[in-house]
$ cat my_file.cif   # mmCIF, C-alpha atoms
data_protein
loop_
_atom_site.label_atom_id
_atom_site.label_comp_id
_atom_site.auth_asym_id
_atom_site.auth_seq_id
_atom_site.Cartn_x
_atom_site.Cartn_y
_atom_site.Cartn_z
CA PRO A 1 -69.78 -102.84 -48.39
CA ALA A 2 -70.30 -99.42 -49.75
CA GLN A 3 -72.74 -98.50 -46.97
CA ALA A 4 -70.30 -99.76 -44.33
CA ALA A 5 -67.63 -97.52 -45.67
CA ASN A 6 -69.88 -94.50 -45.46
CA THR A 7 -70.78 -95.16 -41.83
CA THR A 8 -67.11 -94.77 -40.67
CA PRO A 9 -66.73 -91.39 -38.90
CA SER A 10 -64.11 -88.97 -40.32
CA VAL A 11 -61.94 -86.46 -38.43
CA SER A 12 -62.85 -82.86 -39.32
CA SER A 13 -60.31 -80.14 -39.98
CA THR A 14 -61.54 -78.35 -36.87
CA ASN A 15 -60.68 -81.27 -34.63
CA LYS A 16 -57.20 -81.49 -36.21
CA ALA A 17 -56.50 -77.84 -35.37
CA THR A 18 -57.64 -78.37 -31.81
CA ALA A 19 -55.35 -81.33 -31.42
CA ALA A 20 -52.47 -79.39 -32.83
CA ASN A 21 -53.04 -76.51 -30.36
CA SER A 22 -53.19 -78.90 -27.45
CA GLN A 23 -49.74 -80.23 -28.30
CA SER A 24 -48.01 -76.78 -28.54
CA ALA A 25 -45.07 -75.85 -26.18
CA PRO A 26 -45.95 -74.27 -22.83
CA SER A 27 -45.58 -70.42 -22.61
CA THR A 28 -42.49 -68.91 -20.78
CA PRO A 29 -42.87 -66.21 -18.08
CA ALA A 30 -41.98 -62.53 -19.03
CA LYS A 31 -38.43 -61.29 -18.17
CA VAL A 32 -38.03 -58.72 -15.38
CA ASN A 33 -36.06 -55.55 -16.32
CA ASP A 34 -33.31 -55.02 -13.71
CA ASN A 35 -32.16 -51.62 -15.11
CA ASN A 36 -34.49 -49.67 -12.84
CA ALA A 37 -32.52 -50.49 -9.67
CA ILE A 38 -31.55 -47.44 -7.50
CA LEU A 39 -28.11 -47.09 -5.83
CA ASN A 40 -28.02 -45.11 -2.61
CA SER A 41 -24.62 -43.70 -1.51
CA SER A 42 -23.15 -40.85 0.53
CA GLY A 43 -20.09 -38.64 -0.05
CA TYR A 44 -18.62 -35.15 -0.06
CA ILE A 45 -18.75 -32.42 -2.71
CA THR A 46 -15.38 -30.64 -2.70
CA ALA A 47 -14.40 -27.44 -4.44
CA ARG A 48 -11.91 -27.54 -7.30
CA ARG A 49 -9.74 -24.87 -5.67
CA MET A 50 -9.75 -23.34 -2.22
CA ALA A 51 -7.20 -20.95 -0.69
CA THR A 52 -6.79 -18.90 2.45
CA VAL A 53 -5.31 -15.66 1.13
CA SER A 54 -2.66 -13.99 3.26
CA ALA A 55 0.05 -11.35 2.86
CA GLU A 56 3.67 -11.96 1.91
CA ILE A 57 4.81 -9.51 4.57
CA MET A 58 3.83 -8.61 8.10
CA GLY A 59 1.80 -5.43 8.40
CA LEU A 60 -1.16 -3.54 9.83
CA ILE A 61 -4.43 -4.13 7.99
CA LYS A 62 -5.76 -0.82 6.74
CA GLU A 63 -8.71 -1.93 4.57
CA VAL A 64 -10.67 -5.15 3.95
CA ASP A 65 -12.81 -4.85 0.83
CA VAL A 66 -14.62 -8.22 0.89
CA GLU A 67 -17.43 -9.87 2.86
CA GLU A 68 -18.56 -13.47 3.23
CA GLY A 69 -20.57 -14.67 0.23
CA MET A 70 -19.07 -12.05 -2.07
CA SER A 71 -17.89 -13.10 -5.55
CA VAL A 72 -14.43 -11.91 -6.54
CA GLU A 73 -12.46 -11.94 -9.78
CA GLU A 74 -8.84 -12.92 -10.28
CA GLY A 75 -6.58 -10.01 -9.32
CA GLN A 76 -9.30 -8.13 -7.46
CA VAL A 77 -8.10 -6.20 -4.40
CA LEU A 78 -9.12 -7.98 -1.20
CA ALA A 79 -7.33 -5.88 1.41
CA ARG A 80 -4.65 -3.24 1.88
CA LEU A 81 -1.92 -2.92 4.49
CA ASP A 82 -0.44 0.27 5.88
CA ASP A 83 2.17 1.21 3.27
CA THR A 84 3.49 4.50 4.71
CA LEU A 85 7.01 3.18 5.29
CA ALA A 86 7.08 1.32 1.97
CA LYS A 87 6.20 4.51 0.08
CA ALA A 88 8.95 6.40 1.93
CA ASN A 89 11.49 3.71 1.01
CA LEU A 90 10.45 3.90 -2.63
CA ASP A 91 10.76 7.69 -2.65
CA PHE A 92 14.23 7.41 -1.10
CA ALA A 93 15.37 4.90 -3.73
CA GLN A 94 14.10 7.13 -6.54
CA ALA A 95 15.87 10.13 -4.99
CA GLN A 96 19.10 8.14 -4.92
CA ILE A 97 18.87 7.74 -8.68
CA GLY A 98 18.51 11.50 -9.05
CA VAL A 99 21.62 12.10 -6.94
CA LEU A 100 23.66 9.60 -8.95
CA GLN A 101 22.52 11.06 -12.25
CA ALA A 102 23.58 14.53 -11.13
CA ARG A 103 26.95 13.12 -10.06
CA ARG A 104 27.34 11.46 -13.45
CA GLU A 105 26.69 14.73 -15.28
CA SER A 106 29.25 16.51 -13.11
CA THR A 107 31.82 13.79 -13.69
CA GLU A 108 31.20 13.83 -17.43
CA ALA A 109 31.81 17.60 -17.53
CA THR A 110 35.00 17.23 -15.51
CA LEU A 111 36.16 14.40 -17.76
CA GLN A 112 35.63 16.45 -20.89
CA GLU A 113 37.71 19.27 -19.43
CA ALA A 114 40.45 16.81 -18.43
CA GLN A 115 40.49 15.37 -21.96
CA ARG A 116 40.89 18.87 -23.45
CA ASN A 117 43.68 19.57 -20.99
CA GLN A 118 45.37 16.34 -21.96
CA THR A 119 45.17 17.31 -25.62
CA ARG A 120 46.78 20.66 -24.91
CA MET A 121 49.54 19.08 -22.84
CA THR A 122 50.28 16.53 -25.54
CA SER A 123 50.32 19.06 -28.38
CA ASN A 124 52.40 21.63 -26.48
CA LYS A 125 56.07 20.91 -26.96
CA PHE A 126 56.91 22.95 -23.87
CA SER A 127 54.90 20.63 -21.57
CA SER A 128 56.97 18.52 -19.23
CA GLU A 129 56.65 14.76 -19.04
CA ALA A 130 55.21 15.10 -15.56
CA ASP A 131 52.42 17.40 -16.74
CA ILE A 132 51.50 15.03 -19.55
CA THR A 133 51.48 12.05 -17.22
CA ARG A 134 49.39 13.96 -14.69
CA SER A 135 46.79 14.87 -17.33
CA GLN A 136 46.60 11.28 -18.53
CA THR A 137 46.15 10.02 -14.98
CA GLU A 138 43.36 12.51 -14.37
CA VAL A 139 41.51 11.37 -17.49
CA GLN A 140 41.85 7.70 -16.51
CA SER A 141 40.67 8.43 -12.96
CA LEU A 142 37.61 10.36 -14.12
CA THR A 143 36.78 7.63 -16.64
CA ALA A 144 36.88 5.03 -13.88
CA ASN A 145 34.71 7.23 -11.65
CA LEU A 146 32.18 7.58 -14.44
CA LYS A 147 31.99 3.80 -14.87
CA SER A 148 31.53 3.41 -11.14
CA ILE A 149 28.68 5.92 -11.13
CA GLU A 150 27.03 4.10 -14.05
CA ALA A 151 27.19 0.86 -12.04
CA ASP A 152 25.72 2.62 -9.00
CA ILE A 153 22.84 3.89 -11.12
CA LYS A 154 22.07 0.34 -12.27
CA VAL A 155 22.05 -0.83 -8.66
CA ALA A 156 19.80 2.09 -7.71
CA ASN A 157 17.35 1.15 -10.49
CA ILE A 158 17.23 -2.40 -9.19
CA GLU A 159 16.57 -1.05 -5.70
CA VAL A 160 13.70 1.06 -7.05
CA ARG A 161 12.12 -2.03 -8.63
CA ARG A 162 12.60 -3.95 -5.40
CA GLN A 163 10.98 -1.22 -3.33
CA ARG A 164 8.12 -0.95 -5.84
CA GLU A 165 7.47 -4.68 -5.53
CA ARG A 166 7.69 -4.32 -1.77
CA LEU A 167 5.05 -1.59 -1.93
CA ASP A 168 2.85 -3.78 -4.12
CA ASP A 169 3.04 -6.53 -1.46
CA HIS A 170 0.94 -4.28 0.77
CA THR A 171 -2.02 -4.86 -1.57
CA ILE A 172 -3.55 -8.33 -1.25
CA ARG A 173 -5.28 -9.58 -4.41
CA ALA A 174 -7.40 -12.62 -5.24
CA PRO A 175 -5.29 -15.43 -6.74
CA PHE A 176 -8.28 -16.76 -8.72
CA ALA A 177 -11.98 -16.09 -9.25
CA GLY A 178 -14.33 -17.52 -6.63
CA VAL A 179 -16.56 -16.85 -3.65
CA VAL A 180 -15.44 -15.62 -0.24
CA THR A 181 -16.56 -18.20 2.30
CA VAL A 182 -14.72 -16.97 5.40
CA LYS A 183 -13.56 -13.49 6.37
CA ASN A 184 -10.67 -13.91 8.80
CA ALA A 185 -9.43 -10.38 9.49
CA GLN A 186 -10.61 -6.86 10.20
CA PRO A 187 -8.99 -3.42 9.77
CA GLY A 188 -6.62 -2.60 12.62
CA GLU A 189 -5.33 -6.14 13.06
CA ILE A 190 -1.84 -7.39 12.26
CA VAL A 191 -1.41 -9.95 9.49
CA ALA A 192 1.68 -12.06 8.86
CA PRO A 193 2.62 -14.99 6.60
CA ALA A 194 3.19 -17.16 9.68
CA SER A 195 1.73 -17.19 13.15
CA ALA A 196 3.41 -14.71 15.51
CA GLY A 197 2.67 -12.59 18.54
CA GLY A 198 1.18 -15.33 20.70
CA GLY A 199 -1.84 -15.95 18.48
CA PHE A 200 -2.92 -12.31 18.18
CA THR A 201 -1.55 -12.02 14.65
CA ARG A 202 -3.76 -13.02 11.75
CA THR A 203 -2.32 -15.44 9.21
CA GLY A 204 -5.02 -14.95 6.55
CA ILE A 205 -7.34 -12.29 5.19
CA CYS A 206 -10.10 -14.52 3.82
CA THR A 207 -10.82 -17.91 2.31
CA ILE A 208 -11.79 -18.11 -1.37
CA VAL A 209 -13.47 -21.14 -2.93
CA ASP A 210 -13.66 -21.78 -6.66
CA MET A 211 -17.22 -23.11 -7.14
#

$ encode --input "my_file.cif" --output "structure tokens"
Amino acid sequence: PAQAANTTPSVSSTNKATAANSQSAPSTPAKVNDNNAILNSSGYITARRMATVSAEIMGLIKEVDVEEGMSVEEGQVLARLDDTLAKANLDFAQAQIGVLQARRESTEATLQEAQRNQTRMTSNKFSSEADITRSQTEVQSLTANLKSIEADIKVANIEVRRQRERLDDHTIRAPFAGVVTVKNAQPGEIVAPASAGGGFTRTGICTIVDM
């Protein structure tokens, strides 16, 4: 009986490991990374700001200081219009102030004399009522004239500022920094804020693009 027991074959540890490996779960295929996909599309690249610069008034172009492809800064002079008449109007307005100031000085001197005369008439007991009234009326009239001249001087100062701004309108400046892409006008042409003259009038100096 002991020999029979020894003749029974035993399962080795190696065979057990092989059996265990044969019963393991099947392997799964590797995942494909979809993040490398490429998207093809078409579109337009537009500038942040673009403007066709023109003049606020109608005038003859005297100078154009820009060319296509040129970079400009904000406030840089782009072109100038003929400002001969605008300068004359400004000089006339300034001369008007000088005339009014001279008139004011003359009126002030006359008023001072009238006030002294009124004082003499009032203090003189031999002055008639008519003379006193006349002197008072003269002082009141000159005072009113002086106030009127002061008002005229204020109006003349406003006119000077208006003519100065009108003169400044003859200088066209860049509204923002950018690049000149199109030059629309040349010296000798007429420019206007709106189309006029049957299409022979320019409505813009140049086009600026903010890159």

$ resolve_selection --input "my_file.cif" --expression "the PyMOL selection byres ((chain A and resi 86) around 10)" --output "VMD selection string"
chain A and resid 82 to 85 87 to 92 163 to 170

$ atom_distance --input "my_file.cif" --atom1 "CA of Ala109 (chain A)" --atom2 "CA of Val139 (chain A)"
11.5 Å

$ residues_around --input "my_file.cif" --residues "Arg116 (chain A)" --least-positions-apart "5" --cutoff "12 Å" --atoms "all atoms listed in the file" --output "list in words"
Ala109, Thr110, Leu111, Met121, Thr122, Ser123, Ile132, Ser135, Gln136, Glu138 and Val139 of chain A

$ residues_around --input "my_file.cif" --residues "Val191 (chain A)" --least-positions-apart "4" --cutoff "9 Å" --atoms "all atoms listed in the file" --output "list in words"
Ser54, Ala55, Ile57, Met58, Gly59, Leu60, Ile61, Leu81, Ala185, Ser195, Thr201, Arg202, Thr203, Gly204 and Ile205 of chain A

$ atom_distance --input "my_file.cif" --atom1 "CA of Thr52 (chain A)" --atom2 "CA of Pro187 (chain A)"
17.3 Å

$ closest_residue --input "my_file.cif" --among "A:Gln118, A:Thr143, A:Val182, A:Val99" --to "Asp131 (chain A)" --atoms "only C-alpha atoms"
A:Gln118

$ residues_around --input "my_file.cif" --residues "Gln101 (chain A)" --least-positions-apart "5" --cutoff "10 Å" --atoms "only C-alpha atoms" --output "VMD selection string"
chain A and resid 95 to 96 106 to 107 149 to 150 152 to 153

$ axis_aligned_box --input "my_file.cif" --around "region 162-174 of chain A" --padding-each-side "6 Å" --output "AutoDock Vina command-line options"
--center_x 2.6 --center_y -6.8 --center_z -2.5 --size_x 32.0 --size_y 23.7 --size_z 18.6

$ resolve_selection --input "my_file.cif" --expression "the PyMOL selection byres ((chain A and resi 210) around 9)" --output "number ranges by chain"
A: 47-51, 176-179, 208-209, 211

$ atom_distance --input "my_file.cif" --atom1 "CA of Gln76 (chain A)" --atom2 "CA of Gly188 (chain A)"
21.0 Å

$ resolve_selection --input "my_file.cif" --expression "the PyMOL selection byres ((chain A and resi 79) around 8)" --output "list in words"
Ile61, Lys62, Glu63, Val64, Asp65, Val66, Val77, Leu78, Arg80, Leu81, Thr171, Ile172, Arg173 and Ile205 of chain A

$ closest_residue --input "my_file.cif" --among "A:Ile158, A:Leu142, A:Val53, A:Ile190" --to "Gln112 (chain A)" --atoms "only C-alpha atoms"
A:Leu142

$ closest_residue --input "my_file.cif" --among "A:Glu108, A:Glu56, A:Glu129, A:Glu159" --to "Ser141 (chain A)" --atoms "all atoms listed in the file"
A:Glu108
